[in-house]
Structure formats: structure tokens, C-alpha cells
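*Asks:* So here's coords10.cif (mmCIF, C-alpha atoms, pLDDT in the B column; chains and numbers go by the auth columns).
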data_start
#
loop_
_atom_site.group_PDB
_atom_site.id
_atom_site.type_symbol
_atom_site.label_atom_id
_atom_site.label_comp_id
_atom_site.label_asym_id
_atom_site.label_seq_id
_atom_site.Cartn_x
_atom_site.Cartn_y
_atom_site.Cartn_z
_atom_site.B_iso_or_equiv
_atom_site.auth_seq_id
_atom_site.auth_asym_id
ATOM 1 C CA MET A 1 0.000 0.000 0.000 38.00 3 A
ATOM 2 C CA ILE A 2 1.593 3.264 -1.133 36.00 4 A
ATOM 3 C CA THR A 3 0.706 6.514 0.581 40.00 5 A
ATOM 4 C CA ALA A 4 2.205 9.831 -0.468 43.00 6 A
ATOM 5 C CA ALA A 5 2.002 12.790 1.875 44.00 7 A
ATOM 6 C CA PRO A 6 3.333 16.335 1.819 43.00 8 A
ATOM 7 C CA PHE A 7 6.356 17.115 3.904 42.00 9 A
ATOM 8 C CA THR A 8 5.471 18.528 7.282 48.00 10 A
ATOM 9 C CA SER A 9 7.529 21.090 9.132 47.00 11 A
ATOM 10 C CA VAL A 10 9.339 20.265 12.339 47.00 12 A
ATOM 11 C CA GLU A 11 10.499 23.025 14.646 49.00 13 A
ATOM 12 C CA PRO A 12 14.235 23.499 13.998 48.00 14 A
ATOM 13 C CA VAL A 13 16.333 22.352 16.925 47.00 15 A
ATOM 14 C CA VAL A 14 20.107 22.542 17.192 50.00 16 A
ATOM 15 C CA SER A 15 20.923 19.258 18.871 60.00 17 A
ATOM 16 C CA ALA A 16 23.488 16.545 19.289 62.00 18 A
ATOM 17 C CA GLN A 17 21.891 14.631 16.419 65.00 19 A
ATOM 18 C CA GLU A 18 22.453 17.482 13.963 64.00 20 A
ATOM 19 C CA SER A 19 26.048 17.835 15.066 63.00 21 A
ATOM 20 C CA LEU A 20 26.585 14.097 14.680 64.00 22 A
ATOM 21 C CA ASN A 21 25.152 14.078 11.146 63.00 23 A
ATOM 22 C CA ASN A 22 27.381 16.992 10.165 61.00 24 A
ATOM 23 C CA GLY A 23 30.673 15.794 11.521 59.00 25 A
ATOM 24 C CA CYS A 24 30.707 12.506 13.391 61.00 26 A
ATOM 25 C CA PHE A 25 32.221 9.404 11.845 56.00 27 A
ATOM 26 C CA CYS A 26 32.536 7.421 15.058 58.00 28 A
ATOM 27 C CA LEU A 27 29.689 4.967 14.527 56.00 29 A
ATOM 28 C CA THR A 28 30.709 3.362 11.260 64.00 30 A
ATOM 29 C CA LEU A 29 30.277 0.148 9.361 69.00 31 A
ATOM 30 C CA ASP A 30 33.137 -2.249 10.032 73.00 32 A
ATOM 31 C CA LYS A 31 33.200 -4.113 6.705 79.00 33 A
ATOM 32 C CA ASP A 32 35.433 -6.900 7.996 82.00 34 A
ATOM 33 C CA ALA A 33 33.179 -7.400 11.020 81.00 35 A
ATOM 34 C CA LEU A 34 30.133 -7.392 8.745 82.00 36 A
ATOM 35 C CA ALA A 35 31.668 -10.096 6.532 85.00 37 A
ATOM 36 C CA ARG A 36 32.468 -12.209 9.594 83.00 38 A
ATOM 37 C CA ALA A 37 28.952 -11.692 10.974 81.00 39 A
ATOM 38 C CA LEU A 38 27.343 -12.708 7.680 84.00 40 A
ATOM 39 C CA ASP A 39 29.463 -15.825 7.263 82.00 41 A
ATOM 40 C CA PHE A 40 28.971 -16.800 10.913 80.00 42 A
ATOM 41 C CA GLU A 41 25.200 -16.856 10.465 77.00 43 A
ATOM 42 C CA LEU A 42 25.218 -19.704 7.950 74.00 44 A
ATOM 43 C CA ALA A 43 27.909 -22.330 8.323 66.00 45 A
ATOM 44 C CA GLY A 44 29.227 -23.469 4.966 65.00 46 A
ATOM 45 C CA VAL A 45 27.631 -20.582 3.043 74.00 47 A
ATOM 46 C CA GLN A 46 29.752 -17.603 1.962 84.00 48 A
ATOM 47 C CA LEU A 47 26.946 -15.200 2.705 87.00 49 A
ATOM 48 C CA SER A 48 29.210 -12.140 2.686 88.00 50 A
ATOM 49 C CA GLU A 49 30.297 -12.914 -0.872 89.00 51 A
ATOM 50 C CA LEU A 50 26.674 -13.446 -1.906 89.00 52 A
ATOM 51 C CA VAL A 51 25.708 -10.064 -0.428 89.00 53 A
ATOM 52 C CA ARG A 52 28.579 -8.334 -2.246 87.00 54 A
ATOM 53 C CA GLU A 53 27.485 -9.893 -5.542 87.00 55 A
ATOM 54 C CA ARG A 54 23.709 -9.587 -5.162 85.00 56 A
ATOM 55 C CA CYS A 55 23.113 -6.426 -3.133 85.00 57 A
ATOM 56 C CA PRO A 56 26.383 -4.532 -2.638 84.00 58 A
ATOM 57 C CA TYR A 57 24.683 -1.256 -1.681 85.00 59 A
ATOM 58 C CA VAL A 58 22.204 -2.584 0.859 86.00 60 A
ATOM 59 C CA PHE A 59 24.334 -1.406 3.807 84.00 61 A
ATOM 60 C CA ALA A 60 25.096 2.285 4.281 79.00 62 A
ATOM 61 C CA ALA A 61 28.614 3.186 5.341 74.00 63 A
ATOM 62 C CA ARG A 62 27.390 5.367 8.217 74.00 64 A
ATOM 63 C CA PRO A 63 24.121 5.986 10.047 75.00 65 A
ATOM 64 C CA VAL A 64 21.757 8.946 10.002 78.00 66 A
ATOM 65 C CA PHE A 65 20.872 10.395 13.391 79.00 67 A
ATOM 66 C CA VAL A 66 17.258 11.492 13.870 82.00 68 A
ATOM 67 C CA GLU A 67 16.307 14.604 15.810 81.00 69 A
ATOM 68 C CA ALA A 68 14.211 14.060 18.928 82.00 70 A
ATOM 69 C CA ALA A 69 11.570 16.434 17.517 85.00 71 A
ATOM 70 C CA GLN A 70 11.438 14.391 14.311 87.00 72 A
ATOM 71 C CA ALA A 71 11.101 11.144 16.248 89.00 73 A
ATOM 72 C CA ARG A 72 8.188 12.584 18.202 92.00 74 A
ATOM 73 C CA ARG A 73 6.511 13.801 15.013 92.00 75 A
ATOM 74 C CA ILE A 74 6.952 10.396 13.384 94.00 76 A
ATOM 75 C CA ALA A 75 5.263 8.754 16.378 95.00 77 A
ATOM 76 C CA GLU A 76 2.391 11.241 16.167 96.00 78 A
ATOM 77 C CA VAL A 77 1.820 10.544 12.479 94.00 79 A
ATOM 78 C CA ILE A 78 1.829 6.777 13.047 95.00 80 A
ATOM 79 C CA ARG A 79 -0.686 7.097 15.880 96.00 81 A
ATOM 80 C CA ALA A 80 -2.913 9.252 13.671 96.00 82 A
ATOM 81 C CA VAL A 81 -2.804 6.774 10.777 94.00 83 A
ATOM 82 C CA GLU A 82 -3.551 3.794 12.997 93.00 84 A
ATOM 83 C CA SER A 83 -6.431 5.554 14.734 96.00 85 A
ATOM 84 C CA VAL A 84 -8.052 6.203 11.351 95.00 86 A
ATOM 85 C CA VAL A 85 -7.408 2.678 10.055 90.00 87 A
ATOM 86 C CA ALA A 86 -9.143 1.270 13.163 90.00 88 A
ATOM 87 C CA LEU A 87 -12.393 3.142 12.402 95.00 89 A
ATOM 88 C CA PRO A 88 -15.154 0.775 11.172 92.00 90 A
ATOM 89 C CA ALA A 89 -16.302 3.340 8.578 95.00 91 A
ATOM 90 C CA TYR A 90 -12.794 3.576 7.124 94.00 92 A
ATOM 91 C CA ARG A 91 -12.400 -0.214 7.007 90.00 93 A
ATOM 92 C CA ASP A 92 -15.820 -0.636 5.355 91.00 94 A
ATOM 93 C CA GLN A 93 -14.964 1.917 2.678 93.00 95 A
ATOM 94 C CA VAL A 94 -11.522 0.478 1.914 91.00 96 A
ATOM 95 C CA LEU A 95 -12.606 -3.169 1.933 90.00 97 A
ATOM 96 C CA GLY A 96 -15.657 -2.331 -0.136 91.00 98 A
ATOM 97 C CA ALA A 97 -13.403 -1.234 -2.992 90.00 99 A
ATOM 98 C CA ALA A 98 -10.874 -4.055 -2.570 90.00 100 A
ATOM 99 C CA PRO A 99 -10.912 -7.567 -4.087 91.00 101 A
ATOM 100 C CA ALA A 100 -12.777 -10.208 -2.090 89.00 102 A
ATOM 101 C CA ILE A 101 -9.524 -11.861 -0.951 87.00 103 A
ATOM 102 C CA ALA A 102 -8.737 -8.771 1.147 85.00 104 A
ATOM 103 C CA ARG A 103 -11.643 -9.626 3.425 82.00 105 A
ATOM 104 C CA LEU A 104 -10.440 -13.155 4.181 79.00 106 A
ATOM 105 C CA GLY A 105 -9.101 -13.569 7.694 69.00 107 A
ATOM 106 C CA ALA A 106 -9.763 -9.948 8.603 66.00 108 A
ATOM 107 C CA ALA A 107 -10.320 -10.943 12.244 71.00 109 A
ATOM 108 C CA GLY A 108 -7.262 -13.184 12.460 77.00 110 A
ATOM 109 C CA PRO A 109 -3.626 -12.731 11.372 82.00 111 A
ATOM 110 C CA LYS A 110 -2.290 -9.184 11.271 83.00 112 A
ATOM 111 C CA GLY A 111 0.616 -9.623 8.835 85.00 113 A
ATOM 112 C CA VAL A 112 4.333 -9.223 9.424 90.00 114 A
ATOM 113 C CA PHE A 113 6.767 -6.299 9.136 91.00 115 A
ATOM 114 C CA PHE A 114 4.174 -3.579 8.740 86.00 116 A
ATOM 115 C CA GLY A 115 6.385 -0.542 8.233 89.00 117 A
ATOM 116 C CA TYR A 116 6.229 3.219 7.797 93.00 118 A
ATOM 117 C CA ASP A 117 8.782 4.754 5.408 93.00 119 A
ATOM 118 C CA PHE A 118 9.659 8.290 6.460 92.00 120 A
ATOM 119 C CA HIS A 119 12.145 10.500 4.655 90.00 121 A
ATOM 120 C CA VAL A 120 13.737 13.055 6.945 84.00 122 A
ATOM 121 C CA GLY A 121 15.394 16.370 6.148 77.00 123 A
ATOM 122 C CA LYS A 122 16.983 19.007 8.343 72.00 124 A
ATOM 123 C CA ASP A 123 13.663 20.438 9.523 75.00 125 A
ATOM 124 C CA ARG A 124 11.117 18.412 7.543 81.00 126 A
ATOM 125 C CA LEU A 125 9.846 14.862 7.291 86.00 127 A
ATOM 126 C CA GLY A 126 7.505 13.093 4.904 90.00 128 A
ATOM 127 C CA LEU A 127 5.602 9.814 5.027 93.00 129 A
ATOM 128 C CA ILE A 128 6.498 8.229 1.695 93.00 130 A
ATOM 129 C CA GLU A 129 5.130 4.708 1.994 92.00 131 A
ATOM 130 C CA ILE A 130 3.202 2.375 4.263 91.00 132 A
ATOM 131 C CA ASN A 131 4.612 -1.064 3.545 89.00 133 A
ATOM 132 C CA THR A 132 2.590 -4.099 4.571 84.00 134 A
ATOM 133 C CA ASN A 133 5.514 -6.537 4.241 86.00 135 A
ATOM 134 C CA ALA A 134 8.823 -4.692 4.459 88.00 136 A
ATOM 135 C CA GLY A 135 12.093 -6.506 3.857 89.00 137 A
ATOM 136 C CA GLY A 136 15.465 -5.991 5.485 90.00 138 A
ATOM 137 C CA ALA A 137 14.903 -6.890 9.150 92.00 139 A
ATOM 138 C CA MET A 138 17.307 -9.836 9.248 93.00 140 A
ATOM 139 C CA LEU A 139 19.973 -7.913 7.330 91.00 141 A
ATOM 140 C CA ASN A 140 19.642 -5.122 9.892 89.00 142 A
ATOM 141 C CA ALA A 141 20.191 -7.649 12.664 90.00 143 A
ATOM 142 C CA VAL A 142 23.476 -8.739 11.087 87.00 144 A
ATOM 143 C CA LEU A 143 24.446 -5.101 10.510 85.00 145 A
ATOM 144 C CA ALA A 144 23.918 -4.330 14.192 84.00 146 A
ATOM 145 C CA ARG A 145 26.558 -6.922 15.042 81.00 147 A
ATOM 146 C CA ALA A 146 29.086 -5.169 12.802 77.00 148 A
ATOM 147 C CA GLN A 147 28.780 -1.541 13.886 72.00 149 A
ATOM 148 C CA ARG A 148 31.463 -0.005 16.070 66.00 150 A
ATOM 149 C CA ALA A 149 31.295 3.065 18.301 63.00 151 A
ATOM 150 C CA CYS A 150 34.500 4.691 19.512 62.00 152 A
ATOM 151 C CA CYS A 151 33.433 7.631 21.708 63.00 153 A
ATOM 152 C CA SER A 152 31.269 8.188 24.756 66.00 154 A
ATOM 153 C CA VAL A 153 28.703 10.240 22.772 65.00 155 A
ATOM 154 C CA MET A 154 27.666 7.000 21.101 66.00 156 A
ATOM 155 C CA ASP A 155 26.930 5.215 24.372 66.00 157 A
ATOM 156 C CA GLY A 156 23.433 3.816 24.230 70.00 158 A
ATOM 157 C CA MET A 157 23.036 4.415 20.475 72.00 159 A
ATOM 158 C CA ALA A 158 24.732 1.310 19.122 74.00 160 A
ATOM 159 C CA PRO A 159 22.771 -1.899 19.806 80.00 161 A
ATOM 160 C CA THR A 160 24.394 -4.576 21.931 83.00 162 A
ATOM 161 C CA LEU A 161 24.574 -8.262 21.055 85.00 163 A
ATOM 162 C CA LEU A 162 21.840 -8.864 23.616 91.00 164 A
ATOM 163 C CA ASP A 163 19.685 -6.280 21.836 90.00 165 A
ATOM 164 C CA VAL A 164 20.170 -8.099 18.529 90.00 166 A
ATOM 165 C CA ASP A 165 19.365 -11.504 20.027 92.00 167 A
ATOM 166 C CA ALA A 166 16.175 -10.090 21.564 95.00 168 A
ATOM 167 C CA PHE A 167 15.229 -8.494 18.237 94.00 169 A
ATOM 168 C CA GLU A 168 15.541 -11.820 16.409 95.00 170 A
ATOM 169 C CA GLU A 169 13.488 -13.530 19.111 96.00 171 A
ATOM 170 C CA ARG A 170 10.710 -10.980 18.542 96.00 172 A
ATOM 171 C CA ILE A 171 10.818 -11.686 14.811 96.00 173 A
ATOM 172 C CA ALA A 172 10.336 -15.419 15.334 97.00 174 A
ATOM 173 C CA ALA A 173 7.594 -14.763 17.896 96.00 175 A
ATOM 174 C CA MET A 174 5.759 -12.542 15.390 95.00 176 A
ATOM 175 C CA PHE A 175 5.466 -15.396 12.887 96.00 177 A
ATOM 176 C CA ILE A 176 4.407 -17.884 15.548 96.00 178 A
ATOM 177 C CA ARG A 177 1.789 -15.394 16.734 94.00 179 A
ATOM 178 C CA GLU A 178 0.420 -15.136 13.172 93.00 180 A
ATOM 179 C CA TRP A 179 -0.152 -18.882 13.210 94.00 181 A
ATOM 180 C CA GLU A 180 -1.912 -18.692 16.574 93.00 182 A
ATOM 181 C CA LEU A 181 -4.124 -15.791 15.418 91.00 183 A
ATOM 182 C CA ALA A 182 -5.220 -17.927 12.466 89.00 184 A
ATOM 183 C CA GLY A 183 -6.888 -20.232 14.979 88.00 185 A
ATOM 184 C CA ARG A 184 -4.816 -23.346 14.443 84.00 186 A
ATOM 185 C CA GLY A 185 -5.060 -25.887 17.212 85.00 187 A
ATOM 186 C CA ARG A 186 -1.490 -27.169 17.078 93.00 188 A
ATOM 187 C CA PRO A 187 2.005 -25.658 17.135 96.00 189 A
ATOM 188 C CA LEU A 188 3.495 -24.196 13.977 97.00 190 A
ATOM 189 C CA ALA A 189 5.779 -26.793 12.369 97.00 191 A
ATOM 190 C CA SER A 190 6.800 -25.620 8.893 98.00 192 A
ATOM 191 C CA VAL A 191 7.278 -22.470 6.824 98.00 193 A
ATOM 192 C CA ALA A 192 7.690 -21.819 3.105 98.00 194 A
ATOM 193 C CA ILE A 193 9.467 -18.601 2.107 97.00 195 A
ATOM 194 C CA VAL A 194 7.993 -17.869 -1.319 96.00 196 A
ATOM 195 C CA ASP A 195 9.059 -15.568 -4.131 95.00 197 A
ATOM 196 C CA GLU A 196 9.337 -15.786 -7.891 93.00 198 A
ATOM 197 C CA ALA A 197 12.692 -17.447 -8.716 93.00 199 A
ATOM 198 C CA PRO A 198 13.861 -16.826 -5.134 94.00 200 A
ATOM 199 C CA GLU A 199 17.548 -17.532 -5.736 93.00 201 A
ATOM 200 C CA GLN A 200 17.619 -14.669 -8.258 93.00 202 A
ATOM 201 C CA GLN A 201 15.981 -12.130 -5.971 93.00 203 A
ATOM 202 C CA TYR A 202 17.906 -9.083 -4.755 92.00 204 A
ATOM 203 C CA LEU A 203 17.263 -9.989 -1.115 92.00 205 A
ATOM 204 C CA TYR A 204 17.841 -13.734 -1.468 93.00 206 A
ATOM 205 C CA PRO A 205 20.605 -13.513 1.196 92.00 207 A
ATOM 206 C CA GLU A 206 17.922 -12.427 3.657 94.00 208 A
ATOM 207 C CA PHE A 207 15.770 -15.423 2.730 95.00 209 A
ATOM 208 C CA LEU A 208 18.658 -17.614 3.873 94.00 210 A
ATOM 209 C CA LEU A 209 18.874 -15.705 7.151 94.00 211 A
ATOM 210 C CA PHE A 210 15.150 -16.176 7.754 96.00 212 A
ATOM 211 C CA GLN A 211 15.463 -19.862 6.986 96.00 213 A
ATOM 212 C CA ARG A 212 18.233 -20.143 9.590 94.00 214 A
ATOM 213 C CA LEU A 213 16.189 -18.227 12.174 95.00 215 A
ATOM 214 C CA PHE A 214 13.061 -20.334 11.675 97.00 216 A
ATOM 215 C CA GLU A 215 14.991 -23.594 11.823 96.00 217 A
ATOM 216 C CA GLN A 216 16.664 -22.464 15.054 94.00 218 A
ATOM 217 C CA HIS A 217 13.136 -22.301 16.468 96.00 219 A
ATOM 218 C CA GLY A 218 12.293 -25.828 15.362 97.00 220 A
ATOM 219 C CA LEU A 219 10.423 -24.916 12.166 98.00 221 A
ATOM 220 C CA ARG A 220 11.239 -26.860 9.016 98.00 222 A
ATOM 221 C CA THR A 221 11.738 -24.203 6.354 98.00 223 A
ATOM 222 C CA VAL A 222 12.063 -24.212 2.570 98.00 224 A
ATOM 223 C CA ILE A 223 12.726 -21.392 0.100 98.00 225 A
ATOM 224 C CA VAL A 224 10.635 -21.988 -3.012 97.00 226 A
ATOM 225 C CA GLY A 225 8.881 -20.386 -5.954 95.00 227 A
ATOM 226 C CA PRO A 226 5.091 -20.599 -6.345 93.00 228 A
ATOM 227 C CA THR A 227 5.412 -23.322 -8.982 92.00 229 A
ATOM 228 C CA ASP A 228 7.167 -25.529 -6.409 95.00 230 A
ATOM 229 C CA LEU A 229 4.004 -25.671 -4.314 95.00 231 A
ATOM 230 C CA GLN A 230 1.052 -28.018 -4.736 95.00 232 A
ATOM 231 C CA TRP A 231 -2.382 -28.154 -3.094 93.00 233 A
ATOM 232 C CA ARG A 232 -3.286 -31.773 -2.392 94.00 234 A
ATOM 233 C CA GLY A 233 -5.999 -33.122 -0.140 93.00 235 A
ATOM 234 C CA GLY A 234 -6.584 -29.799 1.549 93.00 236 A
ATOM 235 C CA VAL A 235 -2.871 -29.401 2.375 95.00 237 A
ATOM 236 C CA LEU A 236 -0.168 -27.226 0.803 96.00 238 A
ATOM 237 C CA TRP A 237 2.929 -29.216 -0.123 97.00 239 A
ATOM 238 C CA ALA A 238 6.493 -28.330 -1.093 97.00 240 A
ATOM 239 C CA GLY A 239 7.723 -31.659 -2.362 95.00 241 A
ATOM 240 C CA GLU A 240 7.066 -34.066 0.507 95.00 242 A
ATOM 241 C CA LEU A 241 6.908 -31.342 3.171 97.00 243 A
ATOM 242 C CA ALA A 242 3.464 -30.232 4.335 97.00 244 A
ATOM 243 C CA ILE A 243 3.496 -26.434 4.688 98.00 245 A
ATOM 244 C CA ASP A 244 1.739 -24.733 7.580 97.00 246 A
ATOM 245 C CA LEU A 245 2.605 -21.072 6.949 95.00 247 A
ATOM 246 C CA VAL A 246 3.670 -19.193 3.822 95.00 248 A
ATOM 247 C CA TYR A 247 5.939 -16.182 4.245 95.00 249 A
ATOM 248 C CA ASN A 248 5.016 -14.504 0.964 93.00 250 A
ATOM 249 C CA ARG A 249 7.718 -12.193 -0.405 93.00 251 A
ATOM 250 C CA ARG A 250 6.024 -11.713 -3.762 90.00 252 A
ATOM 251 C CA THR A 251 4.657 -8.274 -4.629 85.00 253 A
ATOM 252 C CA ASP A 252 1.424 -9.743 -5.976 86.00 254 A
ATOM 253 C CA VAL A 253 -0.466 -8.528 -2.901 82.00 255 A
ATOM 254 C CA TYR A 254 -3.908 -9.804 -3.896 86.00 256 A
ATOM 255 C CA LEU A 255 -2.602 -13.090 -5.386 87.00 257 A
ATOM 256 C CA GLU A 256 -4.108 -12.188 -8.739 89.00 258 A
ATOM 257 C CA GLU A 257 -1.421 -13.669 -10.989 87.00 259 A
ATOM 258 C CA SER A 258 -1.948 -17.243 -12.181 83.00 260 A
ATOM 259 C CA GLY A 259 1.226 -18.416 -10.464 79.00 261 A
ATOM 260 C CA SER A 260 0.008 -17.076 -7.145 82.00 262 A
#
Transcribe the structure of this file into C-alpha cells.

*Replies:*
Amino acid sequence: MITAAPFTSVEPVVSAQESLNNGCFCLTLDKDALARALDFELAGVQLSELVRERCPYVFAARPVFVEAAQARRIAEVIRAVESVVALPAYRDQVLGAAPAIARLGAAGPKGVFFGYDFHVGKDRLGLIEINTNAGGAMLNAVLARAQRACCSVMDGMAPTLLDVDAFEERIAAMFIREWELAGRGRPLASVAIVDEAPEQQYLYPEFLLFQRLFEQHGLRTVIVGPTDLQWRGGVLWAGELAIDLVYNRRTDVYLEESGS
């Protein structure tokens, strides 16, 4: 779902964040540490080489620091959007114009990685996109393990290894919660990560990271294209593996294409 909005003004504030953006290079990307972190995630897979080949620009060399006033404004906009989306009249109007499939499971699963894409300037910010299935979370987790801070100003800004571990636990819990919200009476056992020609996708390295995460939580996981799936006897199959949950990375949101 794409939502464009005009930039909104934020009261200019001279702060530590502005000074950091203008002249601080302390919190930087340690490329060697990033390569080690990537390769450590998947034993036997040169994930760092795959990232360099497939998506060499996915990691920025340095961070952008956000003003406190901007962060507050972002939170206000998100609260406003979600308060409107929760209104029955709004939902009736939107669903009334949407394909029938959009109304399936409306009282159950909530979806994963619902994200708000804000672009920030010196004294302005704009809501560019509301993404119902944003990518990049697992790559950010690896990135957090490879950032280095070398001055006291950075204390508390760089995530710790414990922070990253907790973040990945929340990711796994989000998928398990989706299964529970769907009303299934047994534990989640298997996941299919699905995209068209997945091994050729820009973010294929992240698919591998998700597969590793799910399997660490006892979930058998395959990475497949839609043509690798079959519906037999009321069950979705990937080869001989019965699939409980599909993590759909295709952009065919309403599953309108024949392959979907």
C-alpha cells in the first residue's frame, strides 16, 4: 500500500543529532566485522560474498541520526494513521473497494513487518510509503553486530549483542503469533518462504537468514517459488513437506497472478 504525503515542518532544533550528522564518523560500518557476521550466520555458506554480488549497496557506510523532535513527530503521524485505520467506517470503505480476498481472515492474522517509510530532512519529514511486508529486518540484525562506536557520545546508540538476540526472538515470535491468530489448534511446524525465482531475488541472502532463524526455532523451512508448491488433499505441499505457513515475499499482494 503506497501513501504519499506532503512534507510537514518540524520546529528546527540545534541538537546533538544534527552535530553528529554533520561531523561525526565514530559509529561506522566495520566491513570486515560485517563479513564475519554474515558468514557466521550460515555455516558453509559464503553469505558475505553473496551479499557483495547480489546487493552490494544494501548497507550504508554510516548511520543517520534522527532529531528528537522528528522522532516525536513520526510517532504522532503513526498514531494518527492507525487511529483512522481502526475506524469501522474507514475499514468498510476500503474493503468495499478491494478484491474479495482482502476480506479473508480480517479478524485473524495481522501480517508481518508492517512498516512506515519516512524521509527526513533538516527540519522536515515526509511519510512516503506504508509497507505491509517490508524486507530488510534480518539484514539489519546482522548489521547491528558489525557496527562499532568509539566515543562516549555513542553510548546507548549502538545496539548490543543482547539487543540483537532479543530483536531476532521478537521476529520469530511474530510469525508464531500469526499462526496462533489464524486459529490453528497445534504448534506451527513448517514455513515456506515464497518468491518468484527466489535464488535470483535481490534480497535472497535475507531469505537464507530467515530460513536459519526459523529452523533455530524448530520450524522446518524451505525457500521456493510458487510453482514448487502443490495443493493436495486440503494441504499445501512443497515436495514431501506439508506447509503450515507461507511467508510470501512476492509483490502480488492480492494473489491475482496465475502463479500465485

*Asks:* Give me the residues of range 112-149 of chain A that have any atom at most 9 Å from an atom of range 164-184 of chain A; for each, the nearest atom pair and the distance in Å, rounded to one decimal. Use all atoms listed in the file, sort by chain and number, and format it as a tab-separated table.

*Replies:*
residue	atom	partner	partner_atom	distance
A:Lys112	CA	A:Glu180	CA	6.8
A:Gly113	CA	A:Glu180	CA	7.0
A:Val114	CA	A:Met176	CA	7.0
A:Phe115	CA	A:Ile173	CA	8.8
A:Ala139	CA	A:Ile173	CA	8.5
A:Met140	CA	A:Glu170	CA	7.6
A:Ala143	CA	A:Val166	CA	5.9
A:Val144	CA	A:Val166	CA	8.2
A:Ala146	CA	A:Val166	CA	6.9
A:Arg147	CA	A:Val166	CA	7.4

*Asks:* Return the single residue from A:Leu141, A:Pro189, A:Ala109, A:Trp233 that is closest to Pro207 in chain A, with distances computed using only C-alpha atoms.

*Replies:*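 Among the listed residues, the smallest separation from Pro207 in chain A belongs to A:Leu141.
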
*Asks:* For the point (7.7, -3.1, 5.2) in file coordinates, what residues are within 8 Å, counting only C-alpha atoms? Give the answer as a short mmCIF file (atom, residue, chain, number, x, y, z; two decimals) with C-alpha atoms, in the frame of the given file?

*Replies:*
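The resulting file, out25.cif, is reproduced below:
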data_model
loop_
_atom_site.label_atom_id
_atom_site.label_comp_id
_atom_site.auth_asym_id
_atom_site.auth_seq_id
_atom_site.Cartn_x
_atom_site.Cartn_y
_atom_site.Cartn_z
CA PHE A 115 6.77 -6.30 9.14
CA PHE A 116 4.17 -3.58 8.74
CA GLY A 117 6.38 -0.54 8.23
CA TYR A 118 6.23 3.22 7.80
CA ASP A 119 8.78 4.75 5.41
CA ILE A 132 3.20 2.38 4.26
CA ASN A 133 4.61 -1.06 3.54
CA THR A 134 2.59 -4.10 4.57
CA ASN A 135 5.51 -6.54 4.24
CA ALA A 136 8.82 -4.69 4.46
CA GLY A 137 12.09 -6.51 3.86
#

*Asks:* Once you count only C-alpha atoms, which residues end up no further than 12 Å from (25.9, -16.3, 9.4) in the file's frame, shown as a PyMOL selection string?

*Replies:* chain A and resi 35-53+140-141+143-145+147+207-208+210-215

*Asks:* Specify as JSON, numbers by chain each residue included when the PyMOL selection byres ((chain A and resi 262) around 10) is applied to this file.

*Replies:* {"A": [196, 197, 198, 227, 228, 229, 231, 250, 252, 254, 255, 256, 257, 258, 259, 260, 261]}

*Asks:* Name all residues at most 12 Å from Thr223 in chain A (count all atoms listed in the file; drop same-chain ones fewer than 2 positions away) and give them as a VMD selection string.

*Replies:* chain A and resid 190 to 196 209 to 221 225 to 226 240 243 to 249

*Asks:* Restricting the calculation to all atoms listed in the file, which member of A:Tyr204, A:Gly241, A:Ala199, A:Leu163 is positioned closest to Gly138 in chain A?

*Replies:*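 Going through A:Tyr204, A:Gly241, A:Ala199, A:Leu163 one by one, the smallest distance to Gly138 in chain A is for A:Tyr204.
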
*Asks:* Return as lines of an AutoDock Vina configuration file the box centre and box size in Å, one decimal, for an axis-aligned box around all listed atoms of range 81-89 of chain A padded by 5 Å per side.

*Replies:*
center_x = -6.5
center_y = 5.3
center_z = 13.0
size_x = 21.7
size_y = 18.0
size_z = 15.8

*Asks:* From the set A:Arg56, A:Arg105, A:Arg93, A:Lys124, which residue has the shortest atom-to-atom contact distance to Gln203 in chain A, counting all atoms listed in the file?

*Replies:*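 Closest candidate: A:Arg56.
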
*Asks:* Looking at A:Leu129, A:Pro111, A:Ala102, A:Arg54, which one is nearest to Ile76 in chain A, with distances taken over all atoms listed in the file?

*Replies:* A:Leu129

*Asks:* Any idea what the distance is between CA of Ala71 in chain A and CA of His121 in chain A?

*Replies:*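 Going from CA of Ala71 in chain A over to CA of His121 in chain A, I get 14.2 Å.
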
*Asks:* Of the candidates A:Gly128, A:Gly98, A:Phe61, A:Gly158, which shows the shortest atom-to-atom distance to Ile80 in chain A, using all atoms listed in the file?

*Replies:*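 Comparing A:Gly128, A:Gly98, A:Phe61, A:Gly158 against Ile80 in chain A, the winner is A:Gly128.
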
*Asks:* Please compute the CA of Asp34 in chain A-CA of Ala148 in chain A distance, one decimal, in Å.

*Replies:* 8.1 Å

*Asks:* Can you work out which one of A:Val237, A:Leu205, A:Glu84, A:Ala91 has the shortest atom-to-atom distance to Tyr59 in chain A, counting all atoms listed in the file?

*Replies:*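 Smallest separation from Tyr59 in chain A among the options: A:Leu205.
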